[in-house]
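Colleague: My structure is in input_17.txt, and what it holds is compact mmCIF, C-alpha atoms and all ligand atoms:
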# COMPACT_ATOMS: atom_id res chain seq x y z
CA MET Y 27 -13.61 -17.71 5.70
CA THR Y 28 -12.65 -20.95 3.97
CA LEU Y 29 -9.62 -20.73 1.71
CA VAL Y 30 -9.12 -23.46 -0.87
CA LEU Y 31 -6.05 -23.87 -3.06
CA ASN Y 32 -6.95 -26.32 -5.78
CA SER Y 33 -4.08 -27.99 -7.72
CA ILE Y 34 -1.97 -24.84 -7.81
CA SER Y 35 1.17 -24.76 -9.95
CA LYS Y 36 3.35 -21.75 -10.55
CA ILE Y 37 5.97 -21.53 -13.24
CA TYR Y 38 8.30 -18.53 -13.28
CA GLN Y 39 9.63 -17.57 -16.69
CA ASP Y 40 13.20 -16.35 -16.60
CA GLY Y 41 14.19 -15.46 -20.15
CA MET Y 42 14.38 -18.76 -21.99
CA SER Y 43 14.25 -20.95 -18.89
CA GLU Y 44 11.28 -21.94 -16.76
CA PHE Y 45 11.20 -22.72 -13.08
CA LYS Y 46 8.38 -24.62 -11.40
CA ALA Y 47 8.08 -22.99 -7.96
CA LEU Y 48 4.83 -24.78 -7.03
CA ASP Y 49 3.83 -28.20 -8.26
CA ASN Y 50 0.17 -29.19 -7.93
CA VAL Y 51 -0.41 -27.84 -4.43
CA SER Y 52 -3.84 -28.31 -2.85
CA LEU Y 53 -4.98 -27.34 0.62
CA GLU Y 54 -7.92 -26.02 2.57
CA VAL Y 55 -8.00 -23.71 5.59
CA LYS Y 56 -11.28 -23.43 7.48
CA PRO Y 57 -12.66 -20.58 9.61
CA GLY Y 58 -10.87 -20.48 12.96
CA GLU Y 59 -8.03 -22.64 11.66
CA PHE Y 60 -4.40 -21.47 11.81
CA LEU Y 61 -2.08 -23.30 9.43
CA ALA Y 62 1.71 -23.10 9.53
CA ILE Y 63 3.80 -23.62 6.40
CA VAL Y 64 7.41 -24.63 6.92
CA GLY Y 65 10.12 -25.68 4.49
CA PRO Y 66 13.60 -24.84 3.26
CA SER Y 67 14.41 -21.51 1.70
CA GLY Y 68 13.38 -21.43 -1.96
CA SER Y 69 10.80 -24.20 -1.57
CA GLY Y 70 7.87 -22.01 -2.66
CA LYS Y 71 6.39 -20.74 0.62
CA SER Y 72 6.22 -17.05 -0.29
CA THR Y 73 4.93 -17.89 -3.74
CA MET Y 74 2.13 -19.90 -2.18
CA LEU Y 75 1.23 -17.14 0.29
CA SER Y 76 1.20 -14.52 -2.49
CA ILE Y 77 -1.10 -16.71 -4.57
CA ALA Y 78 -3.41 -17.32 -1.59
CA GLY Y 79 -3.64 -13.55 -1.11
CA GLY Y 80 -4.33 -12.78 -4.76
CA LEU Y 81 -1.04 -10.87 -5.11
CA LEU Y 82 0.20 -13.37 -7.70
CA THR Y 83 -1.77 -15.46 -10.19
CA PRO Y 84 -1.11 -19.20 -10.43
CA THR Y 85 -0.05 -20.69 -13.76
CA THR Y 86 -2.69 -23.38 -13.29
CA GLY Y 87 -5.18 -24.17 -10.53
CA ASP Y 88 -7.76 -22.17 -8.61
CA VAL Y 89 -7.95 -20.14 -5.43
CA LEU Y 90 -11.39 -20.09 -3.81
CA LEU Y 91 -12.44 -17.72 -1.04
CA ASP Y 92 -15.67 -19.00 0.48
CA GLY Y 93 -16.28 -20.81 -2.79
CA GLU Y 94 -15.65 -17.77 -4.96
CA ASN Y 95 -12.95 -18.25 -7.59
CA MET Y 96 -10.48 -15.36 -7.47
CA ALA Y 97 -9.83 -15.79 -11.20
CA SER Y 98 -13.46 -14.79 -11.88
CA LEU Y 99 -12.89 -11.33 -10.37
CA SER Y 100 -11.79 -8.25 -12.29
CA LYS Y 101 -8.63 -6.49 -11.10
CA LYS Y 102 -10.77 -3.89 -9.35
CA GLN Y 103 -12.96 -6.50 -7.67
CA LEU Y 104 -9.89 -8.43 -6.58
CA THR Y 105 -8.36 -5.33 -4.98
CA ALA Y 106 -11.63 -4.63 -3.15
CA LYS Y 107 -11.86 -8.24 -2.01
CA ARG Y 108 -8.28 -8.16 -0.70
CA LEU Y 109 -8.86 -4.97 1.23
CA GLU Y 110 -12.09 -6.26 2.73
CA SER Y 111 -11.20 -9.88 3.45
CA ILE Y 112 -7.47 -10.35 3.86
CA GLY Y 113 -5.01 -9.07 6.46
CA PHE Y 114 -1.32 -9.31 5.59
CA VAL Y 115 1.53 -9.44 8.11
CA PHE Y 116 5.10 -9.23 6.82
CA GLN Y 117 8.57 -10.02 8.23
CA ALA Y 118 9.29 -6.41 9.01
CA ALA Y 119 6.52 -4.28 10.42
CA ASN Y 120 6.58 -1.83 7.47
CA LEU Y 121 4.98 0.95 9.48
CA ILE Y 122 4.67 4.45 8.06
CA PRO Y 123 7.51 6.41 9.75
CA TYR Y 124 5.66 9.72 10.10
CA LEU Y 125 2.43 8.38 11.61
CA LYS Y 126 1.71 7.82 15.29
CA VAL Y 127 0.60 4.35 16.37
CA LYS Y 128 -3.09 5.22 16.49
CA ASP Y 129 -2.91 6.74 13.02
CA GLN Y 130 -1.21 3.64 11.55
CA LEU Y 131 -4.49 1.83 12.20
CA GLN Y 132 -6.71 4.76 11.29
CA VAL Y 133 -5.20 4.91 7.81
CA ILE Y 134 -6.56 1.42 7.06
CA ASN Y 135 -9.98 2.45 8.34
CA VAL Y 136 -9.96 5.37 5.95
CA ILE Y 137 -8.79 3.34 2.93
CA SER Y 138 -11.28 0.55 3.53
CA GLY Y 139 -14.17 2.88 4.42
CA ASN Y 140 -14.46 1.21 7.81
CA LYS Y 141 -16.46 3.61 10.01
CA ALA Y 142 -16.15 2.02 13.45
CA ASP Y 143 -12.75 2.63 14.99
CA SER Y 144 -13.48 1.47 18.55
CA TYR Y 145 -12.01 -1.92 17.62
CA GLY Y 146 -8.67 -0.19 16.99
CA ALA Y 147 -8.50 1.02 20.59
CA GLU Y 148 -9.56 -2.43 21.79
CA LEU Y 149 -6.85 -4.13 19.71
CA LEU Y 150 -4.12 -1.77 20.91
CA GLU Y 151 -5.18 -2.47 24.47
CA HIS Y 152 -5.21 -6.26 23.91
CA PHE Y 153 -1.75 -5.94 22.45
CA GLY Y 154 -0.45 -3.90 25.38
CA LEU Y 155 0.03 -0.77 23.29
CA GLU Y 156 -2.45 1.54 25.00
CA ASN Y 157 0.41 3.71 26.29
CA ARG Y 158 2.04 3.83 22.88
CA MET Y 159 -0.81 5.38 20.88
CA ALA Y 160 0.93 8.74 20.50
CA ASN Y 161 4.38 7.33 19.69
CA TYR Y 162 6.08 7.13 16.31
CA PRO Y 163 7.50 3.80 15.02
CA ASN Y 164 11.12 4.79 15.76
CA GLU Y 165 10.15 5.21 19.42
CA LEU Y 166 8.98 1.58 19.69
CA SER Y 167 10.79 -1.70 20.30
CA GLY Y 168 10.84 -4.35 17.55
CA GLY Y 169 8.17 -6.37 19.34
CA GLU Y 170 5.95 -3.32 19.77
CA ARG Y 171 6.33 -2.43 16.10
CA GLN Y 172 5.34 -5.93 15.04
CA ARG Y 173 2.34 -5.83 17.39
CA VAL Y 174 1.23 -2.57 15.76
CA ALA Y 175 1.64 -4.23 12.34
CA ILE Y 176 -0.54 -7.13 13.45
CA ALA Y 177 -3.15 -4.80 14.93
CA ARG Y 178 -3.13 -2.97 11.59
CA ALA Y 179 -3.69 -6.25 9.73
CA LEU Y 180 -6.65 -7.02 12.00
CA ILE Y 181 -8.27 -3.58 12.19
CA ASN Y 182 -10.90 -4.06 9.49
CA ASP Y 183 -11.68 -7.55 10.80
CA PRO Y 184 -10.54 -9.50 7.72
CA LYS Y 185 -11.65 -13.13 7.62
CA LEU Y 186 -8.30 -14.40 6.35
CA ILE Y 187 -4.84 -13.61 7.78
CA LEU Y 188 -1.68 -14.28 5.77
CA ALA Y 189 1.59 -13.88 7.66
CA ASP Y 190 5.05 -14.19 6.10
CA GLU Y 191 7.63 -14.95 8.81
CA PRO Y 192 6.13 -12.53 11.32
CA THR Y 193 8.75 -13.40 13.96
CA ALA Y 194 11.81 -13.01 11.71
CA SER Y 195 12.86 -9.70 13.26
CA LEU Y 196 12.19 -10.70 16.88
CA ASP Y 197 13.93 -12.71 19.59
CA SER Y 198 12.25 -16.01 20.42
CA LYS Y 199 10.34 -14.77 23.47
CA ARG Y 200 8.94 -11.68 21.71
CA GLY Y 201 8.26 -13.71 18.58
CA ARG Y 202 6.17 -16.16 20.53
CA GLN Y 203 4.26 -13.38 22.28
CA VAL Y 204 3.39 -11.77 18.98
CA VAL Y 205 2.15 -15.01 17.37
CA GLU Y 206 0.21 -15.87 20.53
CA LEU Y 207 -1.63 -12.55 20.34
CA LEU Y 208 -2.36 -13.12 16.67
CA ALA Y 209 -3.56 -16.69 17.24
CA ASN Y 210 -5.83 -15.67 20.13
CA GLU Y 211 -7.43 -12.86 18.16
CA MET Y 212 -7.95 -15.17 15.18
CA LYS Y 213 -9.57 -17.85 17.34
CA ALA Y 214 -11.81 -15.32 19.09
CA ARG Y 215 -13.09 -14.02 15.76
CA GLY Y 216 -13.14 -17.26 13.74
CA LYS Y 217 -10.57 -16.14 11.19
CA ALA Y 218 -8.67 -18.50 8.93
CA GLY Y 219 -4.91 -18.00 8.81
CA ILE Y 220 -1.71 -19.13 7.17
CA MET Y 221 1.71 -18.35 8.58
CA VAL Y 222 4.94 -19.06 6.78
CA THR Y 223 7.66 -19.54 9.38
CA HIS Y 224 11.13 -20.89 10.11
CA ASP Y 225 10.46 -20.52 13.82
CA GLU Y 226 9.95 -23.92 15.49
CA ASN Y 227 9.16 -22.09 18.69
CA VAL Y 228 5.71 -20.99 17.46
CA LEU Y 229 4.48 -24.12 15.67
CA ASP Y 230 2.53 -25.34 18.72
CA LEU Y 231 0.40 -22.18 18.47
CA CYS Y 232 -0.91 -23.39 15.09
CA ASP Y 233 -3.56 -26.05 14.48
CA ARG Y 234 -1.74 -27.74 11.64
CA VAL Y 235 1.72 -27.70 10.09
CA VAL Y 236 2.44 -28.51 6.46
CA THR Y 237 5.87 -28.76 4.90
CA ILE Y 238 6.66 -27.60 1.42
CA ARG Y 239 9.69 -29.01 -0.35
CA ASP Y 240 10.71 -28.26 -3.95
CA GLY Y 241 7.25 -26.82 -4.58
CA LYS Y 242 5.42 -29.89 -3.30
CA LEU Y 243 3.31 -30.16 -0.19
CA GLU Y 244 3.86 -32.76 2.54
CA GLU Y 245 1.41 -32.87 5.45
P1 LIG Y 301 10.48 -19.51 -0.17
O1 LIG Y 301 9.47 -18.49 0.27
O2 LIG Y 301 10.14 -20.89 0.30
O3 LIG Y 301 11.87 -19.13 0.16
P2 LIG Y 301 9.83 -18.58 -2.85
O4 LIG Y 301 8.39 -18.83 -3.05
O5 LIG Y 301 10.27 -17.21 -2.54
O6 LIG Y 301 10.40 -19.62 -1.77
O7 LIG Y 301 10.63 -19.06 -4.16
C1 LIG Y 301 10.50 -20.36 -4.70
C2 LIG Y 301 11.43 -20.50 -5.90
O8 LIG Y 301 10.97 -19.67 -6.96
C3 LIG Y 301 12.87 -20.08 -5.63
O9 LIG Y 301 13.73 -20.96 -6.27
C4 LIG Y 301 12.95 -18.68 -6.21
O10 LIG Y 301 14.26 -18.43 -6.67
C5 LIG Y 301 11.97 -18.77 -7.37
N1 LIG Y 301 11.34 -17.46 -7.64
C6 LIG Y 301 10.62 -16.72 -6.77
N2 LIG Y 301 10.17 -15.60 -7.35
C7 LIG Y 301 10.62 -15.61 -8.63
C8 LIG Y 301 10.49 -14.73 -9.75
N3 LIG Y 301 9.77 -13.60 -9.67
N4 LIG Y 301 11.09 -15.09 -10.92
C9 LIG Y 301 11.80 -16.23 -11.01
N5 LIG Y 301 11.95 -17.11 -10.01
C10 LIG Y 301 11.38 -16.82 -8.83
Translate this structure into structure tokens?
Modeller:
Amino acid sequence: MTLVLNSISKIYQDGMSEFKALDNVSLEVKPGEFLAIVGPSGSGKSTMLSIAGGLLTPTTGDVLLDGENMASLSKKQLTAKRLESIGFVFQAANLIPYLKVKDQLQVINVISGNKADSYGAELLEHFGLENRMANYPNELSGGERQRVAIARALINDPKLILADEPTASLDSKRGRQVVELLANEMKARGKAGIMVTHDENVLDLCDRVVTIRDGKLEE
């Protein structure tokens, strides 16, 4: 999938005052391309990722997914599009405490109406979790939990992956392993991806790095 952000600005209203979190940001991510976004805290990275994923609407500018303008979709269509096309990975794994590993993935299959679940088993094996299928999240290490979260984001084969500091809860070795697995899977399946990160240790796993500072993009 090709993701285009076209002259995106975002202004947050806070009572009487306004804050410009993004200032005329444009970028394109092509199928198979993995883009890293770095920048100081408060520079607008999460805002940009939320806008790219249709979780937040820009004040001005357009988001295009394979040429389709997200603003042209109804709320219902947008939700369907998100479920079908976008995989989200967050800082913390956010697994459901009372579900076993294999059921964490199955739940997405059920919600998205995805019939084939053989990919789930394949993913868990790729990610070295084949012996963890019957375990609950509290029985896993931090790295294992994050690998389950990534497998869950990939299970319905979304064409766009959006990751917000996926290594934040991991030591540098585990963090790198997790991003490596994600990058390999994305390459193998021609997915486009954006990862917001503070972790210099994983930047070489990305194709391109852009810096955002005070809401403005610097390549
Ligand atoms: P980053 O992810 O780079 O830390 P964010 O995108 O979270 O940056 O935030 C960018 C700026 O916008 C920050 O100054 C933050 O305080 C502000 N901001 C974020 N969300 C809101 C909101 N809902 N209302 C008002 N200001 C916000």
Colleague: May I ask you to write as a PyMOL selection string all residues lying at most 6 Å from ligand LIG 301 (chain Y), with all atoms listed in the file counted?
Modeller: chain Y and resi 38+40+47+67-73
Colleague: Quick one: residues within 10 Å of segment 60-63 of chain Y, only C-alpha atoms counted, chain neighbours fewer than 5 positions away excluded, as number ranges by chain?
Modeller: Y: 54-55, 71-72, 74-75, 186-191, 208-209, 212-213, 216-224, 228-238, 243-245
Colleague: Which neighbours of Gln172 of chain Y fall inside 8 Å, counting all atoms listed in the file, when residues of the same chain fewer than 4 positions from it are skipped, and could you give them as a PDB file with C-alpha atoms, in the coordinates of the input?
Modeller:
ATOM      1  CA  ALA Y 118       9.290  -6.410   9.010  1.00  0.00           C
ATOM      2  CA  ALA Y 119       6.520  -4.280  10.420  1.00  0.00           C
ATOM      3  CA  GLY Y 168      10.840  -4.350  17.550  1.00  0.00           C
ATOM      4  CA  ILE Y 176      -0.540  -7.130  13.450  1.00  0.00           C
ATOM      5  CA  PRO Y 192       6.130 -12.530  11.320  1.00  0.00           C
ATOM      6  CA  VAL Y 204       3.390 -11.770  18.980  1.00  0.00           C
TER       7      VAL Y 204
END
Colleague: Which residue, Y:Val205, Y:Leu29, Y:Ile37, Y:Leu166, has the smallest gap to Thr193 of chain Y when you use all atoms listed in the file?
Modeller: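 Answer, going by the shortest atom-to-atom distance: Y:Val205.
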Colleague: Name all residues at most 12 Å from Thr105 of chain Y (count all atoms listed in the file; drop same-chain ones fewer than 4 positions away) and give them as an NGL selection string.
Modeller: :Y and (79-81 or 96 or 99-101 or 109-112 or 137-138)
Colleague: In Å, how far is it from atom CA of Tyr124 of chain Y to atom CA of Gly201 of chain Y?
Modeller: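 Computed distance, atom CA of Tyr124 of chain Y to atom CA of Gly201 of chain Y, equals 25.1 Å.
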Colleague: Quick one: of Y:Leu125, Y:Leu196, Y:Val51, Y:Leu82, who's nearest to Leu104 of chain Y, counting only C-alpha atoms?
Modeller: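 Among Y:Leu125, Y:Leu196, Y:Val51, Y:Leu82, it is Y:Leu82 that comes nearest to Leu104 of chain Y.
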Colleague: What is the atom CA of Lys199 of chain Y to atom CA of Gly169 of chain Y distance in Å?
Modeller: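 Between these atoms lies a distance of 9.6 Å.
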Colleague: Find the spatial neighbours of Pro163 of chain Y, counting all atoms listed in the file, within a cut-off of 7 Å - ignore same-chain residues fewer than 5 positions away - and output them as a list in words.
Modeller: Leu121, Pro123 and Arg171 of chain Y
Colleague: Residues near Val174 of chain Y, anyone? I mean within 8 Å using only C-alpha atoms, not counting same-chain ones fewer than 5 positions away, as a ChimeraX atom specification.
Modeller: /Y:119,127,130,150,155
Colleague: Measuring between all atoms listed in the file, which one of Y:Arg158, Y:Arg202, Y:Lys242, Y:Arg173 shows the shortest distance to Ser35 of chain Y?
Modeller: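 Among the listed residues, the smallest separation from Ser35 of chain Y belongs to Y:Lys242.
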Colleague: In Å, rounded to a single decimal, give me how far atom CA of Glu44 of chain Y is from atom CA of Thr85 of chain Y.
Modeller: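 Separation of atom CA of Thr85 of chain Y and atom CA of Glu44 of chain Y: 11.8 Å.
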Colleague: Rank nothing, just name the residue among Y:Asp240, Y:Asp197, Y:Glu211, Y:Asp183 nearest to Glu59 of chain Y, using all atoms listed in the file.
Modeller: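 Selected residue with least distance to Glu59 of chain Y: Y:Glu211.
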